[in-house]
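Peer 1: Dropping in work.cif, with mmCIF, C-alpha atoms.
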```cif
data_upload
#
loop_
_atom_site.label_atom_id
_atom_site.label_comp_id
_atom_site.auth_asym_id
_atom_site.auth_seq_id
_atom_site.Cartn_x
_atom_site.Cartn_y
_atom_site.Cartn_z
CA MET A 1 -10.71 -18.80 10.63
CA PRO A 2 -13.04 -15.85 9.82
CA GLU A 3 -12.61 -12.71 11.89
CA PRO A 4 -15.19 -12.28 14.69
CA GLY A 5 -16.42 -9.04 13.14
CA LEU A 6 -17.10 -10.72 9.80
CA VAL A 7 -18.90 -13.60 11.50
CA ALA A 8 -21.14 -11.14 13.35
CA VAL A 9 -21.94 -9.26 10.13
CA ARG A 10 -22.76 -12.48 8.31
CA LYS A 11 -25.09 -13.65 11.07
CA SER A 12 -26.81 -10.26 11.09
CA LEU A 13 -27.39 -10.47 7.31
CA GLU A 14 -28.77 -13.99 7.67
CA ARG A 15 -31.23 -12.80 10.33
CA GLN A 16 -32.32 -9.91 8.13
CA SER A 17 -32.85 -12.22 5.14
CA LEU A 18 -34.96 -14.55 7.26
CA LEU A 19 -37.05 -11.64 8.54
CA VAL A 20 -37.66 -10.37 4.99
CA ALA A 21 -38.62 -13.87 3.84
CA LEU A 22 -41.10 -14.25 6.72
CA PHE A 23 -42.76 -10.89 5.98
CA ALA A 24 -43.00 -11.74 2.28
CA ALA A 25 -44.52 -15.15 3.06
CA VAL A 26 -47.11 -13.69 5.46
CA ILE A 27 -48.18 -10.84 3.14
CA ASP A 28 -48.32 -12.93 -0.04
CA ALA A 29 -50.24 -15.71 1.75
CA MET A 30 -52.76 -13.26 3.24
CA LEU A 31 -53.39 -11.59 -0.14
CA PHE A 32 -53.86 -14.98 -1.79
CA ILE A 33 -56.27 -16.14 0.91
CA SER A 34 -58.21 -12.87 0.68
CA SER A 35 -59.03 -13.62 -2.96
CA GLY A 36 -61.75 -16.08 -1.89
CA ILE A 37 -60.01 -19.08 -3.45
CA PHE A 38 -60.59 -21.19 -0.35
CA SER A 39 -64.34 -20.97 -0.91
CA ALA A 40 -63.99 -22.12 -4.51
CA ALA A 41 -61.33 -24.82 -4.16
CA PRO A 42 -60.12 -25.42 -0.58
CA THR A 43 -57.65 -28.23 -1.37
CA ALA A 44 -56.05 -26.46 -4.32
CA ALA A 45 -56.00 -23.20 -2.36
CA LEU A 46 -54.23 -24.84 0.61
CA THR A 47 -51.68 -26.45 -1.66
CA MET A 48 -51.03 -23.19 -3.46
CA THR A 49 -50.76 -21.25 -0.20
CA ILE A 50 -48.16 -23.67 1.11
CA THR A 51 -46.28 -23.37 -2.20
CA LEU A 52 -46.32 -19.57 -2.04
CA VAL A 53 -45.07 -19.59 1.56
CA ALA A 54 -42.29 -22.08 0.72
CA ALA A 55 -41.24 -20.01 -2.30
CA ASP A 56 -41.05 -16.85 -0.19
CA LEU A 57 -39.13 -18.61 2.59
CA CYS A 58 -36.54 -19.56 -0.04
CA LEU A 59 -35.62 -15.87 -0.03
CA ALA A 60 -33.72 -16.57 3.21
CA LEU A 61 -31.37 -19.05 1.48
CA ARG A 62 -27.73 -18.31 0.68
CA PRO A 63 -26.80 -15.90 -2.14
CA SER A 64 -25.62 -18.84 -4.28
CA THR A 65 -29.29 -19.86 -4.68
CA THR A 66 -30.42 -16.43 -5.94
CA ALA A 67 -31.05 -17.45 -9.56
CA ALA A 68 -32.92 -20.61 -8.59
CA VAL A 69 -35.07 -18.68 -6.08
CA ALA A 70 -35.96 -16.13 -8.78
CA TYR A 71 -37.09 -18.93 -11.12
CA ILE A 72 -39.12 -20.50 -8.30
CA GLN A 73 -40.85 -17.16 -7.70
CA VAL A 74 -41.75 -16.85 -11.40
CA ILE A 75 -43.16 -20.39 -11.61
CA THR A 76 -45.09 -20.08 -8.34
CA ARG A 77 -46.56 -16.71 -9.35
CA ILE A 78 -47.76 -18.05 -12.74
CA LEU A 79 -49.30 -21.15 -11.11
CA ALA A 80 -51.14 -19.00 -8.56
CA CYS A 81 -52.50 -16.73 -11.31
CA LEU A 82 -53.58 -19.76 -13.37
CA LEU A 83 -55.52 -21.08 -10.37
CA LEU A 84 -57.16 -17.72 -9.69
CA SER A 85 -58.06 -17.16 -13.34
CA HIS A 86 -59.56 -20.66 -13.55
CA TYR A 87 -62.06 -19.64 -10.88
CA GLU A 88 -62.38 -16.14 -12.34
CA LEU A 89 -60.83 -14.47 -9.34
CA ALA A 90 -59.00 -11.41 -10.63
CA ALA A 91 -57.25 -10.34 -7.43
CA GLY A 92 -55.30 -11.99 -4.65
CA ILE A 93 -51.70 -12.32 -5.81
CA GLY A 94 -48.96 -10.59 -3.81
CA ASN A 95 -45.85 -8.93 -5.22
CA VAL A 96 -43.51 -8.99 -2.21
CA GLY A 97 -41.75 -12.26 -3.04
CA VAL A 98 -41.04 -11.40 -6.67
CA LEU A 99 -39.95 -7.87 -5.72
CA VAL A 100 -37.38 -9.24 -3.26
CA ALA A 101 -36.27 -11.87 -5.79
CA GLY A 102 -35.69 -9.14 -8.38
CA TYR A 103 -33.64 -7.12 -5.92
CA ARG A 104 -31.56 -10.16 -4.96
CA ALA A 105 -30.90 -10.98 -8.61
CA GLY A 106 -29.64 -7.44 -9.22
CA ALA A 107 -27.58 -7.12 -6.05
CA TRP A 108 -26.14 -10.59 -5.46
CA LEU A 109 -25.55 -12.12 -8.89
CA PRO A 110 -22.58 -11.44 -11.19
CA ALA A 111 -23.35 -9.24 -14.18
CA ARG A 112 -23.82 -12.05 -16.73
CA ALA A 113 -25.95 -14.27 -14.48
CA SER A 114 -27.96 -11.27 -13.32
CA ALA A 115 -28.66 -10.21 -16.92
CA THR A 116 -29.84 -13.77 -17.67
CA VAL A 117 -32.30 -13.84 -14.77
CA LEU A 118 -33.82 -10.40 -15.50
CA PRO A 119 -35.71 -11.28 -18.73
CA VAL A 120 -37.10 -14.43 -17.07
CA LEU A 121 -38.40 -12.35 -14.18
CA MET A 122 -39.96 -9.73 -16.47
CA ALA A 123 -41.55 -12.36 -18.71
CA GLY A 124 -42.93 -14.21 -15.69
CA VAL A 125 -44.38 -11.07 -14.11
CA ALA A 126 -45.94 -10.00 -17.43
CA THR A 127 -47.46 -13.47 -17.97
CA ALA A 128 -48.87 -13.52 -14.45
CA ALA A 129 -50.37 -10.05 -14.90
CA TYR A 130 -52.00 -11.12 -18.15
CA LEU A 131 -53.41 -14.35 -16.61
CA ASN A 132 -54.65 -12.55 -13.52
CA GLY A 133 -56.49 -9.93 -15.54
CA SER A 134 -54.97 -7.13 -13.50
CA ALA A 135 -54.10 -5.17 -16.67
CA ASP A 136 -57.08 -3.28 -18.11
CA VAL A 137 -55.16 -2.22 -21.23
CA TRP A 138 -52.28 -3.90 -23.04
CA TRP A 139 -49.58 -1.43 -22.07
CA MET A 140 -50.16 -2.14 -18.37
CA VAL A 141 -48.67 -5.62 -18.83
CA PRO A 142 -45.14 -4.36 -19.66
CA ALA A 143 -45.60 -1.57 -17.11
CA ILE A 144 -46.25 -4.15 -14.38
CA ALA A 145 -43.19 -6.12 -15.57
CA VAL A 146 -41.08 -3.00 -15.31
CA SER A 147 -42.37 -2.00 -11.87
CA ASN A 148 -42.31 -5.50 -10.33
CA ALA A 149 -39.14 -6.89 -11.94
CA LEU A 150 -36.96 -4.32 -13.70
CA ILE A 151 -37.10 -1.60 -11.03
CA PRO A 152 -36.16 -3.91 -8.10
CA TRP A 153 -33.41 -5.41 -10.25
CA LEU A 154 -32.01 -1.94 -11.04
CA VAL A 155 -32.13 -0.96 -7.38
CA GLY A 156 -30.20 -4.11 -6.54
CA ARG A 157 -27.56 -3.43 -9.19
CA TYR A 158 -27.19 0.17 -8.06
CA THR A 159 -26.89 -0.84 -4.41
CA ALA A 160 -24.30 -3.50 -5.19
CA ALA A 161 -22.29 -1.08 -7.34
CA GLY A 162 -22.45 1.57 -4.64
CA GLY A 163 -21.39 -0.92 -1.98
CA ALA A 164 -18.51 -2.13 -4.13
CA TYR A 165 -17.43 1.45 -4.73
CA VAL A 166 -17.51 2.26 -1.02
CA THR A 167 -15.54 -0.92 -0.28
CA LYS A 168 -12.99 0.02 -2.91
CA LEU A 169 -12.64 3.50 -1.44
CA GLU A 170 -12.19 2.04 2.03
CA MET A 171 -9.52 -0.36 0.79
CA GLN A 172 -7.82 2.48 -1.08
CA ARG A 173 -7.91 4.61 2.07
CA LYS A 174 -6.29 1.83 4.09
CA SER A 175 -3.72 1.32 1.35
CA ASP A 176 -2.97 5.05 1.27
CA HIS A 177 -2.57 5.12 5.05
CA ALA A 178 -0.20 2.14 4.90
CA ALA A 179 1.79 3.75 2.07
CA LEU A 180 1.96 7.03 4.00
CA ALA A 181 3.12 5.25 7.15
CA LYS A 182 5.81 3.43 5.17
CA ALA A 183 6.89 6.63 3.45
CA LEU A 184 7.17 8.38 6.82
CA ALA A 185 9.17 5.49 8.26
CA ASP A 186 11.49 5.49 5.23
CA GLU A 187 11.90 9.25 5.50
CA ARG A 188 12.73 9.04 9.21
CA GLU A 189 15.26 6.32 8.45
CA ALA A 190 16.84 8.38 5.67
CA ILE A 191 17.07 11.43 7.96
CA ALA A 192 18.61 9.30 10.69
CA ARG A 193 21.22 7.98 8.24
CA ASP A 194 22.10 11.48 7.03
CA LEU A 195 22.39 12.83 10.57
CA HIS A 196 24.50 9.84 11.57
CA ASP A 197 26.85 10.44 8.64
CA VAL A 198 27.15 14.17 9.27
CA ILE A 199 27.58 13.98 13.03
CA SER A 200 29.80 10.89 13.03
CA HIS A 201 32.15 12.31 10.41
CA HIS A 202 32.59 15.80 11.85
CA VAL A 203 32.58 14.81 15.52
CA SER A 204 35.20 12.12 14.83
CA ALA A 205 37.40 14.74 13.18
CA ILE A 206 36.81 17.21 16.02
CA GLY A 207 37.69 14.57 18.61
CA ILE A 208 40.92 13.65 16.88
CA HIS A 209 41.99 17.28 16.43
CA ALA A 210 41.11 18.11 20.03
CA GLY A 211 43.16 15.15 21.25
CA ALA A 212 46.10 16.23 19.12
CA ALA A 213 45.85 19.78 20.46
CA ARG A 214 45.80 18.50 24.04
CA MET A 215 48.87 16.33 23.55
CA THR A 216 50.92 19.07 21.89
CA LEU A 217 49.78 21.87 24.16
CA GLY A 218 52.83 23.45 25.80
CA SER A 219 55.37 21.49 23.77
CA ASN A 220 54.47 22.44 20.18
CA ILE A 221 52.42 25.60 19.99
CA GLU A 222 52.31 25.58 16.17
CA ALA A 223 50.93 22.04 16.05
CA SER A 224 48.37 22.88 18.73
CA GLU A 225 47.22 25.89 16.75
CA ARG A 226 46.84 23.77 13.60
CA SER A 227 44.75 21.25 15.49
CA LEU A 228 42.57 23.92 17.05
CA ARG A 229 42.04 25.56 13.66
CA ALA A 230 41.03 22.13 12.34
CA VAL A 231 38.56 21.82 15.24
CA GLU A 232 37.13 25.20 14.30
CA THR A 233 36.90 24.26 10.62
CA SER A 234 35.26 20.90 11.37
CA SER A 235 32.78 22.57 13.72
CA GLN A 236 31.81 25.08 11.05
CA ALA A 237 31.44 22.30 8.47
CA ALA A 238 29.29 20.33 10.91
CA MET A 239 27.02 23.32 11.48
CA LYS A 240 26.77 23.88 7.73
CA ASP A 241 25.75 20.26 7.10
CA LEU A 242 23.28 20.30 9.99
CA ARG A 243 21.68 23.49 8.68
CA LEU A 244 21.38 21.83 5.28
CA GLN A 245 19.60 18.85 6.82
CA LEU A 246 17.25 21.20 8.68
CA ASP A 247 16.53 23.08 5.44
CA ILE A 248 15.59 19.78 3.81
CA LEU A 249 13.34 18.91 6.76
CA HIS A 250 11.66 22.30 6.52
CA GLY A 251 11.03 21.76 2.81
CA ARG A 252 13.21 24.49 1.33
CA ASP A 253 13.10 24.14 -2.46
CA ASP A 254 16.79 24.93 -2.95
CA ALA A 255 18.05 22.61 -0.21
CA GLY A 256 18.33 19.60 -2.47
CA GLU A 257 20.37 21.56 -5.00
CA VAL A 258 23.27 22.07 -2.56
CA GLN A 259 23.51 18.46 -1.40
CA PRO A 260 27.06 17.12 -1.82
CA GLY A 261 27.89 14.61 -4.53
CA LEU A 262 30.71 12.85 -6.35
CA ALA A 263 32.34 16.17 -7.22
CA ASN A 264 32.72 16.97 -3.50
CA ILE A 265 34.67 13.81 -2.64
CA PRO A 266 38.10 15.52 -3.03
CA GLU A 267 37.04 18.09 -0.42
CA LEU A 268 35.92 15.24 1.83
CA VAL A 269 39.29 13.52 1.40
CA GLU A 270 41.06 16.77 2.24
CA SER A 271 38.90 17.12 5.37
CA VAL A 272 39.75 13.66 6.70
CA GLY A 273 43.38 14.29 5.71
CA ARG A 274 43.46 17.23 8.11
CA ALA A 275 42.06 14.91 10.76
CA GLY A 276 44.96 12.52 10.27
CA LEU A 277 43.77 10.04 7.64
CA SER A 278 46.04 9.71 4.64
CA VAL A 279 43.92 8.66 1.66
CA ASP A 280 45.25 7.25 -1.60
CA ILE A 281 42.40 8.33 -3.86
CA ASN A 282 41.52 7.21 -7.38
CA LEU A 283 38.49 8.98 -8.90
CA PRO A 284 37.08 8.90 -12.45
CA ARG A 285 38.73 11.31 -14.83
CA GLY A 286 36.53 14.03 -16.21
CA LEU A 287 32.94 14.83 -15.30
CA VAL A 288 30.80 11.85 -14.24
CA THR A 289 27.10 12.60 -14.37
CA LEU A 290 24.86 10.64 -12.01
CA PRO A 291 21.20 11.06 -11.09
CA LYS A 292 21.03 13.63 -8.28
CA SER A 293 19.71 11.18 -5.68
CA LEU A 294 22.39 8.61 -6.55
CA ASP A 295 25.07 11.32 -6.54
CA VAL A 296 24.19 12.15 -2.92
CA ILE A 297 24.10 8.45 -1.99
CA VAL A 298 27.61 7.89 -3.41
CA TYR A 299 28.96 10.85 -1.42
CA ARG A 300 27.33 9.66 1.83
CA ILE A 301 28.68 6.14 1.37
CA VAL A 302 32.21 7.43 0.77
CA GLN A 303 31.83 9.74 3.77
CA GLU A 304 30.86 6.80 5.97
CA LEU A 305 33.73 4.66 4.63
CA LEU A 306 36.34 7.35 5.33
CA THR A 307 34.86 8.09 8.75
CA ASN A 308 35.08 4.40 9.66
CA ALA A 309 38.69 4.29 8.40
CA LEU A 310 39.48 7.38 10.48
CA ARG A 311 37.96 5.92 13.63
CA HIS A 312 38.86 2.25 13.28
CA GLY A 313 41.95 2.24 11.04
CA ASP A 314 45.59 3.12 11.65
CA GLY A 315 45.68 6.40 9.74
CA SER A 316 45.72 5.42 6.05
CA ALA A 317 43.18 4.27 3.48
CA CYS A 318 42.87 3.53 -0.21
CA LEU A 319 39.75 4.75 -2.03
CA LYS A 320 38.83 3.91 -5.62
CA VAL A 321 35.66 5.09 -7.33
CA ARG A 322 34.96 4.06 -10.91
CA ARG A 323 32.01 4.23 -13.24
CA ASP A 324 31.35 1.93 -16.15
CA ARG A 325 28.34 1.78 -18.42
CA SER A 326 26.04 -0.10 -16.04
CA ARG A 327 27.29 0.53 -12.51
CA ILE A 328 29.34 2.64 -10.15
CA VAL A 329 31.86 0.85 -7.92
CA ILE A 330 33.29 2.15 -4.64
CA ASP A 331 36.29 0.19 -3.34
CA GLU A 332 37.81 1.24 0.00
CA SER A 333 40.39 -0.52 2.13
CA ASN A 334 42.42 0.39 5.20
CA PRO A 335 44.65 -1.33 7.75
CA ILE A 336 42.87 -2.32 10.95
CA ALA A 337 43.99 -0.48 14.08
CA ALA A 338 45.77 -2.46 16.76
CA GLU A 339 43.19 -1.37 19.34
CA VAL A 340 39.79 -2.71 18.33
CA TYR A 341 36.93 -0.24 18.72
CA THR A 342 34.22 -1.75 20.92
CA GLY A 343 31.33 0.61 20.10
CA ASP A 344 28.44 -0.14 17.77
CA SER A 345 28.81 2.81 15.40
CA LEU A 346 30.65 0.68 12.84
CA HIS A 347 27.71 -1.72 12.55
CA ARG A 348 25.25 1.16 12.40
CA GLY A 349 27.31 2.78 9.66
CA LEU A 350 27.53 -0.45 7.65
CA ASP A 351 23.78 -0.97 7.99
CA GLY A 352 23.23 2.58 6.77
CA MET A 353 25.46 2.00 3.74
CA ARG A 354 23.63 -1.21 2.87
CA ARG A 355 20.26 0.50 3.05
CA ARG A 356 21.47 3.35 0.87
CA ALA A 357 22.85 0.96 -1.73
CA GLU A 358 19.69 -1.18 -1.65
CA LEU A 359 17.63 1.87 -2.58
CA PHE A 360 19.23 1.52 -6.04
CA ASP A 361 19.40 -2.31 -6.03
CA GLY A 362 23.06 -2.15 -5.06
CA ARG A 363 25.08 -4.35 -2.70
CA VAL A 364 27.78 -3.93 -0.06
CA GLU A 365 30.46 -6.48 0.78
CA CYS A 366 32.94 -5.93 3.61
CA GLY A 367 35.39 -7.80 5.75
CA ALA A 368 39.09 -8.42 6.38
CA ASP A 369 41.07 -9.59 3.36
CA GLU A 370 44.03 -11.97 3.30
CA SER A 371 46.51 -9.20 4.06
CA GLY A 372 44.61 -8.19 7.19
CA ARG A 373 43.19 -4.99 5.70
CA TRP A 374 39.55 -4.09 6.09
CA ARG A 375 37.94 -3.82 2.67
CA THR A 376 34.52 -2.58 1.65
CA LEU A 377 33.19 -3.01 -1.87
CA VAL A 378 30.01 -1.20 -2.95
CA GLU A 379 28.39 -1.80 -6.34
CA ILE A 380 25.35 0.19 -7.46
CA PRO A 381 23.65 -0.25 -10.86
CA VAL A 382 23.30 2.93 -12.91
CA SER A 383 20.51 3.22 -15.45
CA THR A 384 21.77 3.93 -18.97
CA ARG A 385 18.44 5.44 -20.08
#
```
Now, as a test, write the supplied structure out as structure tokens.

Peer 2:
Amino acid sequence: MPEPGLVAVRKSLERQSLLVALFAAVIDAMLFISSGIFSAAPTAALTMTITLVAADLCLALRPSTTAAVAYIQVITRILACLLLSHYELAAGIGNVGVLVAGYRAGAWLPARASATVLPVLMAGVATAAYLNGSADVWWMVPAIAVSNALIPWLVGRYTAAGGAYVTKLEMQRKSDHAALAKALADEREAIARDLHDVISHHVSAIGIHAGAARMTLGSNIEASERSLRAVETSSQAAMKDLRLQLDILHGRDDAGEVQPGLANIPELVESVGRAGLSVDINLPRGLVTLPKSLDVIVYRIVQELLTNALRHGDGSACLKVRRDRSRIVIDESNPIAAEVYTGDSLHRGLDGMRRRAELFDGRVECGADESGRWRTLVEIPVSTR
């Protein structure tokens, strides 16, 4: 069903076309009558007047009839001039109908059909001018054809092209607004994922260290001090990561250069080790070069995996990261803690990992295996170009 706004515009255009057709019919009929043809041949004059009016009223028809209406205008104009010249009446033929027909042909017809109608209009106008005797010298015949057919046609083509250009700009503007809105939404989502990873990881470590310090306070001073130092270290790391995220938000040029990557995973493992998670790690030997954006994604995914193992596991995890020619694979598993965590951060973290992997057409599979361990497998294609 057409939109109400479009229906209203269409009805308005139809009313305007009808009004133009009525004005053309009235003016052309009055000019023809003023020629004195009714005194010379009343019956023929009445018939021709009705024909002229009908031809002009056809200007109110749908755009699909534009070519046919233009041909009708040409034929009617030539017949009227033949009748006037037969009775030696040199004046009395109006131009409104053929002017509007020329404009319609230029504005409403496709380029090929419009170019086909134009020479017919010009030839018809020139023939009518010659028959009517309105050209005193020969060069006035083509001049009348240009002014009464070519000029209206050009105006129509220019108007149509301008309207199409404006429509294209409007559509482009809407497309740009939609793209900008999507980009902003994607950026907000990416920032939310990064903040979730940073805060979840460091706060989990701080909470575990603080709990350990509380339980050993008074009974094992050395252990309490180690836990409190770990709280201090995790707090400083959290502030460092949060400042980095703020630098990125503020558009600092060097912020992206200090984003963590695959090379920082050993430090991450050491950090969660201090928090109480023993990680059996297997990383690629030698330097593995990844695109910067993918390098950060791999680090954030591993960070989320280890944070989940720290919060929901029993204190140990196995992490394997390997790179072959076409993909990078992250394989993490850990025993499931006896007490099941009832919060929703695990699902939020898994959703974040999936979205990160999907940015590079990757996939994430997770679930409990046959041995009762929780396993997460991440595969991300890596371009070889």

Peer 1: Calculate how many Å separate atom CA of A:Tyr299 from atom CA of A:Ala179, rounding to one decimal.

Peer 2: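 Distance reported for this atom pair: 28.3 Å.
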
Peer 1: Could you work out how far atom CA of A:Arg354 lies from atom CA of A:Lys182, giving the answer in Å with one decimal?

Peer 2: 18.6 Å

Peer 1: Once the PyMOL selection byres ((chain A and resi 85) around 12) has been evaluated on this model, what residues remain selected, and can you format them as an NGL selection string?

Peer 2: :A and (35 or 37 or 40 or 78-84 or 86-93 or 128-134)

Peer 1: Work out how far apart atom CA of A:Val53 and atom CA of A:Leu121 are and give it in Å to one decimal.

Peer 2: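 Pair atom CA of A:Val53 / atom CA of A:Leu121 returns 18.6 Å.
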
Peer 1: Applying the PyMOL selection byres ((chain A and resi 106) around 8) to the file I just gave you, which residues come out? Please list them as a PyMOL selection string.

Peer 2: chain A and resi 102-105+107-109+114+152-157+160

Peer 1: Name all residues at most 6 Å from stretch 62-75 of chain A (count only C-alpha atoms; drop same-chain ones fewer than 3 positions away) and give them as a PyMOL selection string.

Peer 2: chain A and resi 78+98+101+124

Peer 1: Return as number ranges by chain the set of residues that the PyMOL selection byres ((chain A and resi 312-319) around 7) yields on the displayed structure.

Peer 2: A: 276-282, 308-311, 320-321, 331-337, 341

Peer 1: Write to file, as a tab-separated table (two decimals), keeping the file's coordinate frame, the residues of the selection just made, with C-alpha atoms.

Peer 2:
```
chain	number	residue	atom	x	y	z
A	276	GLY	CA	44.96	12.52	10.27
A	277	LEU	CA	43.77	10.04	7.64
A	278	SER	CA	46.04	9.71	4.64
A	279	VAL	CA	43.92	8.66	1.66
A	280	ASP	CA	45.25	7.25	-1.60
A	281	ILE	CA	42.40	8.33	-3.86
A	282	ASN	CA	41.52	7.21	-7.38
A	308	ASN	CA	35.08	4.40	9.66
A	309	ALA	CA	38.69	4.29	8.40
A	310	LEU	CA	39.48	7.38	10.48
A	311	ARG	CA	37.96	5.92	13.63
A	320	LYS	CA	38.83	3.91	-5.62
A	321	VAL	CA	35.66	5.09	-7.33
A	331	ASP	CA	36.29	0.19	-3.34
A	332	GLU	CA	37.81	1.24	0.00
A	333	SER	CA	40.39	-0.52	2.13
A	334	ASN	CA	42.42	0.39	5.20
A	335	PRO	CA	44.65	-1.33	7.75
A	336	ILE	CA	42.87	-2.32	10.95
A	337	ALA	CA	43.99	-0.48	14.08
A	341	TYR	CA	36.93	-0.24	18.72
```

Peer 1: Considering all atoms listed in the file, can you say which of A:Val20, A:Ala113, A:Met353, A:Leu52 comes closest to A:Val378?

Peer 2: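 Of A:Val20, A:Ala113, A:Met353, A:Leu52, the one nearest A:Val378, counting all atoms listed in the file, is A:Met353.
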